[in-house]
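Below is work.cif, which holds mmCIF, C-alpha atoms and all ligand atoms.
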data_structure
#
loop_
_atom_site.label_atom_id
_atom_site.label_comp_id
_atom_site.auth_asym_id
_atom_site.auth_seq_id
_atom_site.Cartn_x
_atom_site.Cartn_y
_atom_site.Cartn_z
CA MET A 1 6.71 7.36 31.00
CA PRO A 2 8.27 4.60 28.83
CA ILE A 3 6.15 1.58 27.92
CA ASP A 4 7.08 -1.47 30.06
CA PHE A 5 7.15 -4.07 27.27
CA ALA A 6 8.24 -6.82 29.67
CA ARG A 7 4.83 -6.56 31.38
CA ILE A 8 2.88 -7.18 28.16
CA PRO A 9 2.54 -10.94 27.54
CA ARG A 10 3.12 -12.15 23.99
CA ASP A 11 -0.24 -13.91 24.02
CA ALA A 12 -1.88 -10.49 24.36
CA LEU A 13 -0.54 -9.64 20.89
CA PRO A 14 -3.40 -10.83 18.65
CA ALA A 15 -5.98 -8.69 20.45
CA LEU A 16 -3.56 -5.78 20.79
CA LEU A 17 -2.57 -5.88 17.11
CA ARG A 18 -6.24 -5.99 16.11
CA SER A 19 -7.39 -3.08 18.23
CA ALA A 20 -4.38 -0.73 18.29
CA PRO A 21 -4.51 2.40 16.11
CA LYS A 22 -2.44 2.03 12.95
CA ALA A 23 -1.81 3.48 9.49
CA GLU A 24 -1.77 1.66 6.14
CA LEU A 25 0.66 3.09 3.60
CA HIS A 26 0.77 0.46 0.85
CA ILE A 27 -2.63 -0.54 -0.47
CA HIS A 28 -3.54 -0.48 -4.17
CA ILE A 29 -7.19 0.43 -4.11
CA GLU A 30 -7.84 -1.63 -7.25
CA GLY A 31 -6.34 -4.54 -5.30
CA SER A 32 -9.12 -4.25 -2.72
CA LEU A 33 -11.80 -5.20 -5.29
CA GLU A 34 -13.30 -8.40 -3.91
CA PRO A 35 -14.65 -10.92 -6.47
CA GLU A 36 -18.21 -10.27 -5.23
CA LEU A 37 -17.88 -6.55 -6.01
CA ILE A 38 -16.17 -7.29 -9.35
CA PHE A 39 -19.20 -9.36 -10.41
CA GLN A 40 -21.68 -6.83 -9.02
CA LEU A 41 -20.01 -4.00 -10.99
CA ALA A 42 -19.67 -6.18 -14.12
CA GLN A 43 -23.42 -6.78 -14.05
CA ARG A 44 -24.24 -3.13 -13.30
CA ASN A 45 -22.04 -1.93 -16.17
CA GLY A 46 -22.63 -4.75 -18.69
CA VAL A 47 -18.97 -5.77 -18.70
CA ALA A 48 -18.19 -9.37 -19.72
CA LEU A 49 -15.71 -11.29 -17.54
CA ALA A 50 -13.61 -14.29 -18.54
CA TYR A 51 -14.83 -16.25 -15.46
CA PRO A 52 -18.33 -17.71 -14.95
CA GLY A 53 -18.57 -16.65 -11.29
CA VAL A 54 -17.00 -15.59 -8.00
CA GLU A 55 -15.66 -19.05 -7.14
CA ALA A 56 -14.01 -19.55 -10.54
CA LEU A 57 -12.38 -16.13 -10.30
CA ARG A 58 -11.07 -16.83 -6.78
CA ALA A 59 -9.75 -20.18 -7.95
CA ALA A 60 -7.63 -18.33 -10.52
CA TYR A 61 -5.76 -16.51 -7.74
CA ALA A 62 -2.80 -18.91 -7.81
CA PHE A 63 0.11 -16.71 -8.74
CA THR A 64 3.67 -17.65 -9.62
CA ASP A 65 5.19 -14.17 -9.72
CA LEU A 66 4.25 -10.47 -9.93
CA GLN A 67 3.31 -10.56 -13.63
CA SER A 68 0.95 -13.52 -13.24
CA PHE A 69 -0.92 -11.47 -10.62
CA LEU A 70 -0.91 -8.20 -12.58
CA ASP A 71 -2.58 -9.83 -15.60
CA ILE A 72 -5.61 -10.83 -13.53
CA TYR A 73 -5.57 -7.61 -11.44
CA TYR A 74 -5.84 -5.37 -14.52
CA ALA A 75 -8.65 -7.57 -15.89
CA GLY A 76 -10.55 -7.19 -12.59
CA ALA A 77 -10.25 -3.39 -12.76
CA SER A 78 -12.03 -3.35 -16.15
CA VAL A 79 -15.43 -3.34 -14.40
CA LEU A 80 -14.81 0.21 -13.07
CA ILE A 81 -16.55 2.69 -15.36
CA HIS A 82 -18.45 5.38 -13.42
CA GLU A 83 -17.51 7.73 -10.57
CA GLN A 84 -19.88 5.71 -8.36
CA ASP A 85 -17.88 2.52 -9.07
CA PHE A 86 -14.64 4.13 -7.89
CA PHE A 87 -16.47 5.46 -4.84
CA ASP A 88 -17.97 2.03 -4.02
CA MET A 89 -14.58 0.30 -4.31
CA ALA A 90 -12.80 2.78 -2.02
CA TRP A 91 -15.69 2.93 0.44
CA ALA A 92 -15.71 -0.86 0.82
CA TYR A 93 -11.98 -0.76 1.64
CA LEU A 94 -12.31 2.16 4.06
CA GLU A 95 -15.10 0.44 6.00
CA ARG A 96 -12.87 -2.63 6.39
CA ALA A 97 -9.96 -0.38 7.32
CA ALA A 98 -11.98 1.23 10.11
CA ALA A 99 -12.84 -2.25 11.45
CA ASP A 100 -9.08 -3.03 11.51
CA GLY A 101 -8.29 0.00 13.68
CA ILE A 102 -6.73 1.88 10.75
CA VAL A 103 -6.96 5.60 11.53
CA HIS A 104 -5.04 6.74 8.46
CA ALA A 105 -4.63 5.21 4.97
CA GLU A 106 -2.66 6.39 1.96
CA LEU A 107 -4.30 4.75 -1.06
CA PHE A 108 -2.47 4.00 -4.30
CA PHE A 109 -4.48 4.20 -7.50
CA ASP A 110 -3.48 3.34 -11.09
CA PRO A 111 -5.17 5.91 -13.38
CA GLN A 112 -3.59 4.58 -16.57
CA THR A 113 -5.47 1.28 -16.11
CA HIS A 114 -8.66 3.32 -16.50
CA THR A 115 -7.74 6.18 -18.83
CA ALA A 116 -6.44 3.60 -21.36
CA ARG A 117 -10.05 2.28 -21.48
CA GLY A 118 -11.46 5.75 -22.14
CA ILE A 119 -12.39 6.61 -18.54
CA GLU A 120 -11.82 10.29 -17.68
CA MET A 121 -9.18 11.14 -15.07
CA GLY A 122 -11.77 13.22 -13.19
CA THR A 123 -14.14 10.24 -12.93
CA VAL A 124 -11.42 8.20 -11.22
CA ILE A 125 -10.09 10.86 -8.86
CA ARG A 126 -13.46 12.36 -7.88
CA GLY A 127 -14.96 8.96 -7.05
CA LEU A 128 -11.99 7.97 -4.87
CA HIS A 129 -11.77 11.39 -3.24
CA GLN A 130 -15.42 11.38 -2.25
CA ALA A 131 -14.94 8.07 -0.47
CA CYS A 132 -11.93 9.56 1.38
CA GLU A 133 -14.02 12.56 2.45
CA ARG A 134 -16.88 10.42 3.65
CA ALA A 135 -14.45 8.16 5.56
CA GLN A 136 -13.27 11.15 7.57
CA GLN A 137 -16.83 12.29 8.29
CA GLN A 138 -18.53 8.97 8.98
CA LEU A 139 -15.75 6.58 10.06
CA GLY A 140 -13.19 8.94 11.59
CA VAL A 141 -10.62 7.49 9.15
CA SER A 142 -8.20 9.90 7.50
CA ALA A 143 -7.47 8.88 3.89
CA SER A 144 -5.41 10.39 1.09
CA LEU A 145 -4.54 9.38 -2.46
CA ILE A 146 -1.21 8.59 -4.19
CA LEU A 147 -1.27 8.44 -7.99
CA CYS A 148 0.90 5.60 -9.33
CA PHE A 149 2.51 5.44 -12.77
CA LEU A 150 2.58 2.04 -14.46
CA ARG A 151 6.24 1.29 -15.07
CA HIS A 152 5.62 -1.12 -17.97
CA LEU A 153 4.34 1.88 -19.96
CA SER A 154 6.51 4.72 -21.31
CA GLU A 155 7.60 7.82 -19.43
CA GLU A 156 5.77 9.84 -22.09
CA ASP A 157 2.53 8.15 -21.02
CA ALA A 158 3.34 8.85 -17.36
CA LEU A 159 3.99 12.54 -18.15
CA ALA A 160 0.64 12.81 -19.97
CA THR A 161 -1.03 11.11 -17.00
CA LEU A 162 0.46 13.60 -14.54
CA GLU A 163 -0.64 16.54 -16.73
CA ALA A 164 -4.18 15.13 -16.91
CA ALA A 165 -4.24 14.81 -13.11
CA LEU A 166 -2.90 18.28 -12.29
CA PRO A 167 -6.36 19.95 -12.52
CA PHE A 168 -7.12 17.72 -9.47
CA ARG A 169 -3.80 18.48 -7.75
CA GLN A 170 -5.49 19.25 -4.42
CA LEU A 171 -7.12 15.81 -4.33
CA PHE A 172 -3.94 13.70 -4.14
CA VAL A 173 -0.82 13.99 -2.00
CA GLY A 174 1.83 12.12 -3.94
CA VAL A 175 2.96 9.95 -6.82
CA GLY A 176 4.25 6.38 -6.88
CA LEU A 177 5.57 3.79 -9.32
CA ASP A 178 4.15 0.28 -9.64
CA SER A 179 3.43 -2.63 -12.02
CA SER A 180 6.06 -4.94 -13.61
CA GLU A 181 9.38 -4.18 -11.93
CA ARG A 182 11.87 -6.36 -13.81
CA GLY A 183 13.28 -4.59 -16.87
CA HIS A 184 11.73 -1.24 -15.87
CA PRO A 185 14.27 0.56 -13.66
CA PRO A 186 13.33 3.77 -11.85
CA GLU A 187 15.65 5.84 -14.06
CA LYS A 188 13.08 5.45 -16.85
CA PHE A 189 10.85 7.88 -14.90
CA ALA A 190 13.35 10.60 -13.91
CA HIS A 191 11.54 13.44 -15.70
CA VAL A 192 8.02 12.71 -14.50
CA PHE A 193 9.15 12.41 -10.88
CA ALA A 194 11.06 15.73 -11.21
CA ARG A 195 7.84 17.31 -12.50
CA ALA A 196 5.87 15.80 -9.59
CA ARG A 197 8.41 17.09 -7.05
CA ALA A 198 8.14 20.57 -8.59
CA GLN A 199 4.40 20.38 -7.84
CA GLY A 200 5.15 19.67 -4.18
CA LEU A 201 3.95 16.08 -4.44
CA HIS A 202 5.35 13.38 -2.16
CA CYS A 203 7.24 10.65 -4.02
CA VAL A 204 7.38 6.89 -3.40
CA ALA A 205 8.25 3.92 -5.63
CA HIS A 206 8.00 0.15 -5.62
CA ALA A 207 11.55 -1.17 -5.66
CA GLY A 208 13.31 -4.33 -4.54
CA GLU A 209 10.14 -6.47 -4.63
CA GLU A 210 11.42 -8.58 -7.53
CA GLY A 211 14.04 -6.10 -8.77
CA PRO A 212 17.64 -5.85 -7.53
CA PRO A 213 19.02 -3.49 -4.85
CA ALA A 214 20.23 -1.20 -7.68
CA TYR A 215 16.56 -0.35 -8.36
CA ILE A 216 16.19 0.82 -4.75
CA GLU A 217 19.30 2.98 -5.16
CA GLY A 218 17.91 4.36 -8.42
CA ALA A 219 14.61 5.24 -6.74
CA LEU A 220 16.47 7.12 -4.01
CA ASP A 221 19.09 8.82 -6.18
CA VAL A 222 17.15 9.61 -9.34
CA LEU A 223 13.49 9.75 -8.28
CA GLN A 224 14.37 11.11 -4.81
CA VAL A 225 11.60 9.09 -3.20
CA GLN A 226 10.73 9.43 0.48
CA ARG A 227 9.67 5.81 0.95
CA ILE A 228 10.41 2.50 -0.77
CA ASP A 229 7.47 0.17 -1.36
CA HIS A 230 8.53 -3.43 -0.54
CA GLY A 231 12.34 -3.04 -0.55
CA VAL A 232 12.81 -6.57 0.81
CA ARG A 233 15.74 -7.23 -1.53
CA SER A 234 17.68 -4.38 0.13
CA LEU A 235 19.21 -6.99 2.46
CA GLU A 236 21.34 -8.23 -0.44
CA SER A 237 23.41 -5.03 -0.18
CA PRO A 238 24.91 -4.18 3.24
CA ALA A 239 25.89 -0.70 1.96
CA LEU A 240 22.30 -0.03 0.93
CA VAL A 241 20.95 -1.27 4.28
CA ALA A 242 23.32 1.10 6.08
CA ARG A 243 22.13 3.97 3.89
CA LEU A 244 18.42 3.18 4.40
CA ALA A 245 18.93 2.90 8.16
CA ALA A 246 20.96 6.12 8.46
CA ALA A 247 18.43 8.14 6.46
CA ARG A 248 15.48 6.31 8.08
CA VAL A 249 13.92 5.65 4.68
CA PRO A 250 10.73 3.67 5.36
CA LEU A 251 10.10 0.31 3.67
CA THR A 252 6.39 -0.51 3.26
CA VAL A 253 6.59 -4.29 3.48
CA CYS A 254 3.67 -6.56 2.50
CA PRO A 255 4.18 -10.04 4.01
CA LEU A 256 1.19 -11.98 2.58
CA SER A 257 1.76 -10.40 -0.85
CA ASN A 258 5.38 -11.56 -0.82
CA VAL A 259 4.33 -15.14 -0.14
CA LYS A 260 1.48 -15.12 -2.72
CA LEU A 261 3.84 -13.73 -5.40
CA CYS A 262 6.58 -16.22 -4.44
CA VAL A 263 9.11 -13.62 -3.25
CA PHE A 264 9.39 -15.83 -0.12
CA LYS A 265 8.29 -19.47 0.01
CA THR A 266 6.60 -19.15 3.40
CA LEU A 267 5.86 -16.42 5.93
CA ALA A 268 8.24 -18.17 8.34
CA GLU A 269 11.04 -17.46 5.84
CA HIS A 270 10.20 -13.77 5.42
CA ASN A 271 13.08 -11.40 6.12
CA LEU A 272 10.99 -8.88 8.09
CA PRO A 273 12.77 -9.76 11.38
CA ALA A 274 16.14 -9.24 9.69
CA LEU A 275 15.01 -5.90 8.26
CA LEU A 276 13.95 -4.76 11.74
CA ASN A 277 17.18 -6.05 13.29
CA ALA A 278 19.12 -4.01 10.73
CA GLY A 279 17.47 -0.91 12.18
CA LEU A 280 15.23 -0.19 9.18
CA CYS A 281 11.94 1.72 9.45
CA VAL A 282 9.66 -1.15 8.35
CA THR A 283 5.87 -1.02 8.17
CA VAL A 284 3.41 -3.86 7.52
CA ASN A 285 0.80 -3.42 4.77
CA SER A 286 -1.70 -5.41 2.71
CA ASP A 287 -0.74 -4.41 -0.89
CA ASP A 288 -3.71 -6.02 -2.73
CA PRO A 289 -5.79 -7.53 0.08
CA ALA A 290 -8.59 -8.97 -2.09
CA TYR A 291 -6.02 -11.04 -4.00
CA PHE A 292 -3.44 -11.96 -1.35
CA GLY A 293 -5.53 -13.45 1.45
CA GLY A 294 -6.19 -10.60 3.80
CA TYR A 295 -6.35 -7.04 4.98
CA LEU A 296 -3.91 -5.32 7.31
CA ASN A 297 -4.82 -7.08 10.56
CA THR A 298 -4.67 -10.46 8.83
CA ASN A 299 -1.16 -9.56 7.62
CA LEU A 300 -0.10 -8.51 11.12
CA LEU A 301 -1.56 -11.55 12.88
CA ALA A 302 -0.22 -14.06 10.34
CA THR A 303 3.24 -12.47 10.49
CA PHE A 304 3.44 -12.64 14.29
CA GLU A 305 2.14 -16.19 14.28
CA ALA A 306 4.67 -17.37 11.70
CA LEU A 307 7.65 -15.54 13.21
CA PRO A 308 7.91 -16.25 16.95
CA GLN A 309 11.11 -14.21 17.20
CA LEU A 310 8.93 -11.10 16.78
CA GLY A 311 7.66 -9.90 20.15
CA VAL A 312 5.67 -7.10 21.73
CA ARG A 313 8.45 -4.57 21.20
CA GLU A 314 8.52 -5.31 17.47
CA ALA A 315 4.73 -5.06 17.26
CA TYR A 316 4.87 -1.61 18.80
CA GLN A 317 7.75 -0.56 16.54
CA LEU A 318 5.94 -1.64 13.35
CA LEU A 319 2.76 0.25 14.29
CA ARG A 320 4.70 3.30 15.42
CA ASN A 321 6.64 3.24 12.13
CA SER A 322 3.34 3.31 10.22
CA PHE A 323 2.68 6.77 11.67
CA GLU A 324 6.27 8.00 11.43
CA ALA A 325 6.44 7.02 7.75
CA SER A 326 3.10 8.62 6.86
CA PHE A 327 2.61 11.90 5.03
CA VAL A 328 0.58 13.59 7.78
CA PRO A 329 1.33 16.79 9.71
CA PRO A 330 3.53 16.14 12.77
CA ALA A 331 0.89 17.26 15.31
CA GLN A 332 -1.64 14.72 13.98
CA ARG A 333 1.04 12.01 13.77
CA ASP A 334 2.00 12.62 17.42
CA ARG A 335 -1.63 12.37 18.57
CA TRP A 336 -1.92 8.96 16.93
CA ILE A 337 1.37 7.80 18.47
CA ASP A 338 0.04 8.90 21.89
CA ALA A 339 -3.08 6.77 21.28
CA LEU A 340 -0.87 3.83 20.27
CA ASP A 341 1.18 4.21 23.48
CA THR A 342 -2.04 4.26 25.52
CA ALA A 343 -3.22 1.01 23.87
CA PHE A 344 0.07 -0.75 24.65
CA ARG A 345 0.21 0.54 28.26
CA ALA A 346 -3.33 -0.73 28.83
CA ALA A 347 -2.20 -4.25 27.85
CA ALA A 348 0.40 -4.46 30.64
CA VAL A 349 -0.33 -6.90 33.48
N1 LIG B 1 0.35 -3.18 -8.46
C1 LIG B 1 -0.47 -3.74 -7.57
N2 LIG B 1 0.21 -4.49 -6.70
C2 LIG B 1 1.51 -4.41 -7.05
C3 LIG B 1 2.71 -4.97 -6.54
N3 LIG B 1 2.74 -5.78 -5.48
N4 LIG B 1 3.86 -4.69 -7.18
C4 LIG B 1 3.86 -3.90 -8.25
N5 LIG B 1 2.77 -3.35 -8.77
C5 LIG B 1 1.60 -3.61 -8.17
ZN ZN B 2 2.28 -2.68 -4.14
#

Just give me the structure of the file as structure tokens.
Amino acid sequence: MPIDFARIPRDALPALLRSAPKAELHIHIEGSLEPELIFQLAQRNGVALAYPGVEALRAAYAFTDLQSFLDIYYAGASVLIHEQDFFDMAWAYLERAAADGIVHAELFFDPQTHTARGIEMGTVIRGLHQACERAQQQLGVSASLILCFLRHLSEEDALATLEAALPFRQLFVGVGLDSSERGHPPEKFAHVFARARAQGLHCVAHAGEEGPPAYIEGALDVLQVQRIDHGVRSLESPALVARLAAARVPLTVCPLSNVKLCVFKTLAEHNLPALLNAGLCVTVNSDDPAYFGGYLNTNLLATFEALPQLGVREAYQLLRNSFEASFVPPAQRDRWIDALDTAFRAAAV
């Protein structure tokens, strides 16, 4: 039976968006480190921070572009030393995810941020993986890991990173590409993505956040990615939009991130409605929730409040896309979509 969207009032959306089952596909786990946990870990590990306290650190979260954020984000990650620290960070996120109705999360992590400081690859991956395992057992949240290469570093460094991670191949499901986009086109990482594909790893890449549509084309053509992270600048190229729509390439869009990093001036000016109208498989995500003002439900609620042209149908489509774009077996994906349908049907009056 189809869902009768006309019978679901728009004012039911906040509660429905909060409680409906959903997946998160674009969350940098180091971007979930709240200032309180940063200071707790700094004290535990004897790491000195450039800020006197939580409030001063939060006050520094006034970003002008991607790079201004990355500088402070990498500094925050310097408090992570032991396996327990990586576990604690991921566990804190997964508990919040469960409270947001997230039933599946694919977590990005940046191993080079840690291995460059002398932390072992195994320390990073084991700590994160144990939190994912416990989330399944204790929270009923499915979680998997995607290893991201830092694009401001060389491809040689990325290749060495992938080799160091391969002993833990069963503990992550894919690779991604993040960090400073401008001046670091996807083509720079052709070999390391080919090596990852040969290992059966899923491939995604940040593209078209600050970079031009050509970077999205490069990620598709050269890296052969299955999803584009952000991709909001795709609208500048009608040919690219047609291609993304025809191939149903998902775009993992992060509305609050885009405003905090000045990609859009306000949420009301975000092009998410236009992306949906163009027939693209868009999902909503939190990116770096501790830095950008909120977790997934906050992103969803703020987006629907700022953009009144988005209705119940679009809410359903965005949540459904989160499952369709995920790297989970089809039978599991279909069970979650059934649960989503049930939640929407129950909101009809
Ligand atoms: N690393 C963490 N967040 C990122 C973003 N929004 N873009 C690129 N790299 C990132
Ligand atoms: Zn991101």

Tell me, counting only C-alpha atoms, for each residue of region 234-291 of chain A within 12 Å of region 96-107 of chain A, which pair of atoms is nearest and how far apart they are in Å to one decimal, in rows ordered by chain and increasing number, as JSON lines.
{"residue": "A:Thr252", "atom": "CA", "partner": "A:Glu106", "partner_atom": "CA", "distance": 11.5}
{"residue": "A:Asn285", "atom": "CA", "partner": "A:Ala105", "partner_atom": "CA", "distance": 10.2}
{"residue": "A:Ser286", "atom": "CA", "partner": "A:Ala97", "partner_atom": "CA", "distance": 10.7}
{"residue": "A:Asp287", "atom": "CA", "partner": "A:Leu107", "partner_atom": "CA", "distance": 9.8}
{"residue": "A:Asp288", "atom": "CA", "partner": "A:Leu107", "partner_atom": "CA", "distance": 10.9}
{"residue": "A:Pro289", "atom": "CA", "partner": "A:Arg96", "partner_atom": "CA", "distance": 10.7}
{"residue": "A:Ala290", "atom": "CA", "partner": "A:Arg96", "partner_atom": "CA", "distance": 11.4}

What does the file look like for those residues with C-alpha atoms, as a PDB file, in the coordinates of the input?
ATOM      1  CA  THR A 252       6.390  -0.510   3.260  1.00  0.00           C
ATOM      2  CA  ASN A 285       0.800  -3.420   4.770  1.00  0.00           C
ATOM      3  CA  SER A 286      -1.700  -5.410   2.710  1.00  0.00           C
ATOM      4  CA  ASP A 287      -0.740  -4.410  -0.890  1.00  0.00           C
ATOM      5  CA  ASP A 288      -3.710  -6.020  -2.730  1.00  0.00           C
ATOM      6  CA  PRO A 289      -5.790  -7.530   0.080  1.00  0.00           C
ATOM      7  CA  ALA A 290      -8.590  -8.970  -2.090  1.00  0.00           C
TER       8      ALA A 290
END

**Asked** When the cut-off is 9 Å and you count only C-alpha atoms and all ligand atoms, which residues lie near ligand LIG 1 (chain B), shown as a PyMOL selection string?
**Response** chain A and resi 27-31+66-67+69-70+73-74+108-110+148+150-151+177-181+206-207+209-210+229-230+254+257-258+261+287-288

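Shortest separation to ligand ZN 2 (chain B) among A:Ala306, A:Val253, A:Val222, A:Ala116 occurs at residue A:Val253, atoms counted being all atoms listed in the file.
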
**Item:** Straight-line distance linking CA of Phe193 (chain A) with CA of Ala90 (chain A), stated in Å to one decimal
**Value:** 25.6 Å

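Interatomic distance, CA of Ile81 (chain A) against CA of Ile119 (chain A): 6.5 Å.
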